[in-house]
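File shown: coords26.pdb (PDB, C-alpha atoms).
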MODEL        1
ATOM      1  CA  MET A   1      50.630  32.365   7.402
ATOM      2  CA  PHE A   2      48.139  30.971   9.924
ATOM      3  CA  GLU A   3      49.178  27.404   9.199
ATOM      4  CA  GLU A   4      52.852  28.319   9.297
ATOM      5  CA  LEU A   5      52.987  30.626  12.316
ATOM      6  CA  ASP A   6      49.815  30.568  14.409
ATOM      7  CA  ARG A   7      48.618  26.981  14.440
ATOM      8  CA  PRO A   8      51.898  25.550  15.818
ATOM      9  CA  ALA A   9      51.768  28.110  18.656
ATOM     10  CA  LEU A  10      48.163  27.385  19.694
ATOM     11  CA  THR A  11      47.524  25.614  23.004
ATOM     12  CA  PRO A  12      44.378  23.735  24.127
ATOM     13  CA  LEU A  13      41.502  25.721  25.601
ATOM     14  CA  PRO A  14      41.299  25.724  29.445
ATOM     15  CA  ASP A  15      39.342  22.885  31.032
ATOM     16  CA  GLU A  16      37.060  25.419  32.748
ATOM     17  CA  PRO A  17      35.578  28.589  31.250
ATOM     18  CA  TYR A  18      36.904  31.980  32.292
ATOM     19  CA  GLN A  19      35.470  33.271  35.571
ATOM     20  CA  TYR A  20      34.954  36.945  36.172
ATOM     21  CA  ALA A  21      36.706  38.076  39.363
ATOM     22  CA  GLU A  22      36.453  41.185  41.501
ATOM     23  CA  TRP A  23      39.333  42.478  43.626
ATOM     24  CA  LYS A  24      38.710  44.142  46.975
ATOM     25  CA  ARG A  25      40.907  45.429  49.800
ATOM     26  CA  CYS A  26      39.867  44.364  53.293
ATOM     27  CA  ARG A  27      41.079  44.887  56.845
ATOM     28  CA  VAL A  28      41.315  41.706  58.936
ATOM     29  CA  ASN A  29      39.043  42.022  61.968
ATOM     30  CA  LEU A  30      40.016  41.141  65.529
ATOM     31  CA  ASP A  31      38.314  37.772  65.114
ATOM     32  CA  TYR A  32      40.680  36.993  62.166
ATOM     33  CA  HIS A  33      37.851  37.138  59.600
ATOM     34  CA  ILE A  34      37.181  39.459  56.686
ATOM     35  CA  GLU A  35      33.760  40.401  55.342
ATOM     36  CA  ILE A  36      32.728  39.790  51.739
ATOM     37  CA  ALA A  37      29.085  40.437  50.790
ATOM     38  CA  LYS A  38      27.948  40.075  54.427
ATOM     39  CA  HIS A  39      29.692  36.702  54.873
ATOM     40  CA  TYR A  40      32.831  36.242  56.991
ATOM     41  CA  TYR A  41      35.931  34.313  55.873
ATOM     42  CA  SER A  42      38.872  33.385  58.087
ATOM     43  CA  VAL A  43      42.546  34.117  57.542
ATOM     44  CA  PRO A  44      45.519  33.049  59.689
ATOM     45  CA  HIS A  45      45.004  34.672  63.097
ATOM     46  CA  ASN A  46      48.416  36.355  63.073
ATOM     47  CA  LEU A  47      47.152  38.657  60.292
ATOM     48  CA  VAL A  48      44.741  40.512  62.594
ATOM     49  CA  ARG A  49      44.508  44.213  61.626
ATOM     50  CA  GLN A  50      46.485  43.627  58.414
ATOM     51  CA  GLU A  51      45.188  44.931  55.102
ATOM     52  CA  VAL A  52      44.745  42.149  52.545
ATOM     53  CA  GLU A  53      43.524  41.840  48.980
ATOM     54  CA  THR A  54      40.742  39.473  48.005
ATOM     55  CA  ARG A  55      39.919  37.926  44.651
ATOM     56  CA  VAL A  56      36.238  37.051  44.571
ATOM     57  CA  THR A  57      34.588  34.902  41.917
ATOM     58  CA  GLN A  58      31.187  33.282  41.775
ATOM     59  CA  LYS A  59      32.601  30.145  43.418
ATOM     60  CA  THR A  60      35.694  31.123  45.434
ATOM     61  CA  VAL A  61      37.216  33.743  47.707
ATOM     62  CA  GLU A  62      41.023  33.987  47.663
ATOM     63  CA  ILE A  63      42.902  36.202  50.115
ATOM     64  CA  PHE A  64      46.359  37.646  49.446
ATOM     65  CA  LEU A  65      48.927  39.484  51.560
ATOM     66  CA  ARG A  66      51.491  41.398  49.508
ATOM     67  CA  GLY A  67      50.837  39.163  46.503
ATOM     68  CA  LYS A  68      51.041  35.850  48.398
ATOM     69  CA  ARG A  69      47.876  33.808  48.813
ATOM     70  CA  VAL A  70      47.222  33.174  52.510
ATOM     71  CA  ALA A  71      43.712  31.683  52.416
ATOM     72  CA  SER A  72      41.156  30.277  50.002
ATOM     73  CA  HIS A  73      37.486  29.459  50.627
ATOM     74  CA  LEU A  74      34.458  28.315  48.694
ATOM     75  CA  ARG A  75      32.109  31.245  48.212
ATOM     76  CA  SER A  76      29.082  31.264  50.534
ATOM     77  CA  THR A  77      25.854  33.212  50.203
ATOM     78  CA  LEU A  78      24.734  32.760  53.821
ATOM     79  CA  PRO A  79      24.514  36.253  55.349
ATOM     80  CA  HIS A  80      26.152  37.044  58.698
ATOM     81  CA  ARG A  81      27.648  33.573  59.055
ATOM     82  CA  PRO A  82      31.340  32.620  59.144
ATOM     83  CA  THR A  83      33.439  30.230  57.091
ATOM     84  CA  THR A  84      36.342  29.285  59.350
ATOM     85  CA  THR A  85      39.353  27.061  58.703
ATOM     86  CA  ALA A  86      40.578  25.348  61.877
ATOM     87  CA  GLU A  87      44.237  26.022  61.026
ATOM     88  CA  HIS A  88      43.515  29.756  61.042
ATOM     89  CA  MET A  89      42.332  29.692  64.647
ATOM     90  CA  PRO A  90      44.579  30.469  67.631
ATOM     91  CA  SER A  91      45.120  27.447  69.838
ATOM     92  CA  SER A  92      42.825  28.895  72.525
ATOM     93  CA  HIS A  93      39.917  28.785  70.049
ATOM     94  CA  ARG A  94      40.517  25.343  68.583
ATOM     95  CA  ARG A  95      39.031  23.601  71.602
ATOM     96  CA  TYR A  96      35.621  24.819  70.413
ATOM     97  CA  ARG A  97      35.874  23.747  66.780
ATOM     98  CA  GLU A  98      33.767  20.607  67.369
ATOM     99  CA  TRP A  99      30.915  22.789  68.599
ATOM    100  CA  THR A 100      28.537  24.262  66.049
ATOM    101  CA  HIS A 101      25.899  26.927  66.445
ATOM    102  CA  GLU A 102      23.212  24.259  66.036
ATOM    103  CA  ARG A 103      24.773  21.944  68.627
ATOM    104  CA  ILE A 104      25.037  24.726  71.214
ATOM    105  CA  ARG A 105      21.397  25.750  70.703
ATOM    106  CA  SER A 106      20.264  22.129  70.946
ATOM    107  CA  GLU A 107      22.184  21.584  74.209
ATOM    108  CA  ALA A 108      20.836  24.859  75.625
ATOM    109  CA  ALA A 109      17.221  23.951  74.825
ATOM    110  CA  ARG A 110      17.736  20.592  76.521
ATOM    111  CA  VAL A 111      18.809  22.292  79.774
ATOM    112  CA  GLY A 112      15.926  24.758  79.994
ATOM    113  CA  PRO A 113      14.070  27.653  78.345
ATOM    114  CA  ASP A 114      15.974  30.418  80.133
ATOM    115  CA  VAL A 115      19.333  28.857  79.258
ATOM    116  CA  ASP A 116      18.147  28.667  75.660
ATOM    117  CA  THR A 117      17.040  32.321  75.681
ATOM    118  CA  LEU A 118      20.222  33.664  77.288
ATOM    119  CA  ILE A 119      22.544  31.695  75.013
ATOM    120  CA  ASP A 120      20.557  32.826  71.971
ATOM    121  CA  ILE A 121      21.040  36.442  73.093
ATOM    122  CA  ILE A 122      24.768  35.878  73.675
ATOM    123  CA  LEU A 123      25.265  34.369  70.217
ATOM    124  CA  ARG A 124      23.199  37.019  68.437
ATOM    125  CA  SER A 125      24.829  39.922  70.279
ATOM    126  CA  ARG A 126      28.295  39.143  68.879
ATOM    127  CA  PRO A 127      29.344  40.223  65.371
ATOM    128  CA  HIS A 128      30.099  36.543  64.704
ATOM    129  CA  PRO A 129      28.354  33.748  66.669
ATOM    130  CA  GLU A 130      31.696  32.005  67.309
ATOM    131  CA  GLN A 131      32.736  34.933  69.480
ATOM    132  CA  GLY A 132      30.005  33.880  71.930
ATOM    133  CA  PHE A 133      30.909  30.183  71.918
ATOM    134  CA  ARG A 134      33.194  30.466  74.944
ATOM    135  CA  SER A 135      30.503  32.021  77.150
ATOM    136  CA  ALA A 136      27.794  29.701  75.842
ATOM    137  CA  ILE A 137      29.834  26.518  76.322
ATOM    138  CA  GLY A 138      30.917  27.731  79.752
ATOM    139  CA  ILE A 139      27.291  28.186  80.823
ATOM    140  CA  LEU A 140      26.419  24.696  79.581
ATOM    141  CA  GLY A 141      29.393  23.336  81.514
ATOM    142  CA  LEU A 142      27.936  24.671  84.781
ATOM    143  CA  VAL A 143      25.236  22.009  84.583
ATOM    144  CA  LYS A 144      27.703  19.338  85.708
ATOM    145  CA  ARG A 145      28.321  21.210  88.958
ATOM    146  CA  TYR A 146      24.966  22.795  89.733
ATOM    147  CA  GLY A 147      22.365  20.796  87.799
ATOM    148  CA  GLN A 148      19.935  21.834  85.103
ATOM    149  CA  GLU A 149      17.312  23.444  87.348
ATOM    150  CA  ARG A 150      19.729  25.807  89.109
ATOM    151  CA  VAL A 151      21.533  26.782  85.899
ATOM    152  CA  ASP A 152      18.203  27.549  84.226
ATOM    153  CA  ALA A 153      17.174  29.638  87.244
ATOM    154  CA  ALA A 154      20.513  31.480  87.182
ATOM    155  CA  CYS A 155      20.013  32.286  83.502
ATOM    156  CA  ALA A 156      16.544  33.616  84.308
ATOM    157  CA  ARG A 157      18.127  35.888  86.924
ATOM    158  CA  ALA A 158      20.807  36.971  84.433
ATOM    159  CA  LEU A 159      18.105  37.869  81.912
ATOM    160  CA  LEU A 160      16.415  40.097  84.506
ATOM    161  CA  LEU A 161      19.741  41.824  85.162
ATOM    162  CA  ASN A 162      20.552  42.092  81.451
ATOM    163  CA  ALA A 163      23.772  40.180  82.165
ATOM    164  CA  ARG A 164      25.050  38.385  79.083
ATOM    165  CA  SER A 165      28.142  36.451  80.102
ATOM    166  CA  TYR A 166      29.350  33.213  81.628
ATOM    167  CA  LYS A 167      30.909  35.118  84.530
ATOM    168  CA  SER A 168      27.546  36.627  85.483
ATOM    169  CA  VAL A 169      25.771  33.261  85.507
ATOM    170  CA  ALA A 170      28.631  31.633  87.431
ATOM    171  CA  ALA A 171      28.555  34.440  90.025
ATOM    172  CA  ILE A 172      24.792  34.058  90.482
ATOM    173  CA  LEU A 173      25.211  30.343  91.132
ATOM    174  CA  LYS A 174      28.186  30.822  93.436
ATOM    175  CA  ASN A 175      26.326  33.402  95.520
ATOM    176  CA  GLY A 176      23.111  31.372  95.533
ATOM    177  CA  THR A 177      21.024  34.265  94.241
ATOM    178  CA  ASP A 178      19.361  31.942  91.739
ATOM    179  CA  ARG A 179      17.373  30.663  94.739
ATOM    180  CA  THR A 180      16.146  34.064  95.930
ATOM    181  CA  VAL A 181      13.377  36.391  94.801
ATOM    182  CA  PRO A 182      14.818  39.367  92.879
ATOM    183  CA  PRO A 183      14.647  42.640  94.834
ATOM    184  CA  ALA A 184      12.520  45.528  93.574
ATOM    185  CA  GLU A 185      15.473  47.554  92.333
ATOM    186  CA  GLU A 186      16.585  44.715  90.057
ATOM    187  CA  ALA A 187      13.302  43.994  88.321
ATOM    188  CA  PRO A 188      10.738  46.708  89.108
ATOM    189  CA  ILE A 189       8.354  45.869  86.267
ATOM    190  CA  LEU A 190       8.325  42.111  86.566
ATOM    191  CA  PHE A 191       6.441  41.578  89.826
ATOM    192  CA  HIS A 192       3.354  39.389  89.564
ATOM    193  CA  ALA A 193       4.419  38.560  85.990
ATOM    194  CA  ASN A 194       5.134  35.084  84.764
ATOM    195  CA  ILE A 195       8.575  34.936  83.076
ATOM    196  CA  ARG A 196       9.340  31.664  81.314
ATOM    197  CA  GLY A 197       7.181  29.743  83.754
ATOM    198  CA  ARG A 198       8.394  31.576  86.886
ATOM    199  CA  THR A 199       6.274  34.049  88.881
ATOM    200  CA  TYR A 200       7.992  36.724  90.988
ATOM    201  CA  TYR A 201       6.238  38.640  93.771
ATOM    202  CA  ASN A 202       7.105  41.778  95.701
TER     203      ASN A 202
ENDMDL
END
Could you render the structure as structure tokens?
Amino acid sequence: MFEELDRPALTPLPDEPYQYAEWKRCRVNLDYHIEIAKHYYSVPHNLVRQEVETRVTQKTVEIFLRGKRVASHLRSTLPHRPTTTAEHMPSSHRRYREWTHERIRSEAARVGPDVDTLIDIILRSRPHPEQGFRSAIGILGLVKRYGQERVDAACARALLLNARSYKSVAAILKNGTDRTVPPAEEAPILFHANIRGRTYYN
């Protein structure tokens, strides 16, 4: 019976062994990423706030909307880091796709220690580092207009004020307050203290 019925119906074994998969429902975050095991994977940006299903194996993450696959990524084990496909990004974000976290930090360190510190804070304060790219790249772009020394001084002032944005640094430079001694009400505990190579006095 086997030779007559079963053997003619047999097909070759798959080229790859069976992979165990887990299914999980996720809500797409405002940054068009979902979280799987503390890593973030992108989906098309128009799916923000949508609920999707994910199929997770040891090697891949597949994302489905109402049964249709909308994204697929290689599985990553790096915690709190994103895997982003350029086509998933809105056009306003694609201008930054050539910038990496490492490149931004390298450029910041080249400008000065306070620029490096402020940009590190900006990147770490966002749920995903890419959310801070716009502010960080904007701060680096101020060097062309104001020079490295003034931008570094403005970042030092921003750190004293706990200001963590491009707009704050740009306003400090525009108003020239990077060249003045901070008043007592801004930094009451930092007088006569050396901050990143700068000494402030009352």
Practice task
Up to 12 Å from (32.8, 26.4, 85.3) in the file's coordinates: name the residues, counting only C-alpha atoms, as a list in words.
Solution key: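 Taken together, the residues in range are Arg134, Ser135, Ala136, Ile137, Gly138, Ile139, Leu140, Gly141, Leu142, Val143, Lys144, Arg145, Tyr146, Val151, Tyr166, Lys167, Ser168, Val169, Ala170, Ala171, Leu173 and Lys174 of chain A.
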Restrict the selected residues to C-alpha atoms and save them as an mmCIF file, keeping the file's coordinate frame.
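That gives us part-v4.cif:
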data_model
loop_
_atom_site.group_PDB
_atom_site.id
_atom_site.type_symbol
_atom_site.label_atom_id
_atom_site.label_comp_id
_atom_site.auth_asym_id
_atom_site.auth_seq_id
_atom_site.Cartn_x
_atom_site.Cartn_y
_atom_site.Cartn_z
ATOM 1 C CA ARG A 134 33.194 30.466 74.944
ATOM 2 C CA SER A 135 30.503 32.021 77.150
ATOM 3 C CA ALA A 136 27.794 29.701 75.842
ATOM 4 C CA ILE A 137 29.834 26.518 76.322
ATOM 5 C CA GLY A 138 30.917 27.731 79.752
ATOM 6 C CA ILE A 139 27.291 28.186 80.823
ATOM 7 C CA LEU A 140 26.419 24.696 79.581
ATOM 8 C CA GLY A 141 29.393 23.336 81.514
ATOM 9 C CA LEU A 142 27.936 24.671 84.781
ATOM 10 C CA VAL A 143 25.236 22.009 84.583
ATOM 11 C CA LYS A 144 27.703 19.338 85.708
ATOM 12 C CA ARG A 145 28.321 21.210 88.958
ATOM 13 C CA TYR A 146 24.966 22.795 89.733
ATOM 14 C CA VAL A 151 21.533 26.782 85.899
ATOM 15 C CA TYR A 166 29.350 33.213 81.628
ATOM 16 C CA LYS A 167 30.909 35.118 84.530
ATOM 17 C CA SER A 168 27.546 36.627 85.483
ATOM 18 C CA VAL A 169 25.771 33.261 85.507
ATOM 19 C CA ALA A 170 28.631 31.633 87.431
ATOM 20 C CA ALA A 171 28.555 34.440 90.025
ATOM 21 C CA LEU A 173 25.211 30.343 91.132
ATOM 22 C CA LYS A 174 28.186 30.822 93.436
#
Resolved residues for the PyMOL selection byres ((chain A and resi 45) around 7) as a compact mmCIF listing (two decimals) with C-alpha atoms, in the frame of the given file:
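Output saved as out_25.txt:
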# COMPACT_ATOMS: atom_id res chain seq x y z
CA TYR A 32 40.68 36.99 62.17
CA VAL A 43 42.55 34.12 57.54
CA PRO A 44 45.52 33.05 59.69
CA ASN A 46 48.42 36.35 63.07
CA LEU A 47 47.15 38.66 60.29
CA VAL A 48 44.74 40.51 62.59
CA HIS A 88 43.52 29.76 61.04
CA MET A 89 42.33 29.69 64.65
CA PRO A 90 44.58 30.47 67.63
Problem - Neighbour list for A:Ala156 as a PyMOL selection string, cut-off 8 Å, only C-alpha atoms, skip fewer than 6 positions in-chain - result: chain A and resi 114-115+118
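The gap separating atom CA of A:Glu102 from atom CA of A:Ala154 is 22.5 Å, in Å to one decimal.
Picture a line from atom CA of A:Thr60 to atom CA of A:His73; it runs 5.7 Å.
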Problem - Spatial neighbours of A:Gly112, max dist 10 Å, all atoms listed in the file, sep filter under 5 positions, as a PyMOL selection string - result: chain A and resi 107+117+148-153+155-156+196
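Restricting the calculation to all atoms listed in the file, the smallest distance between A:Leu159 and any of A:Gly67, A:Pro14, A:Pro79, A:Pro113 is found for A:Pro113.
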Listed atoms of stretch 78-93 of chain A boxed along x, y and z, 3 Å each side, centre and edge lengths in Å, one decimal, as AutoDock Vina command-line options:
--center_x 34.8 --center_y 31.2 --center_z 63.2 --size_x 26.6 --size_y 17.7 --size_z 24.7
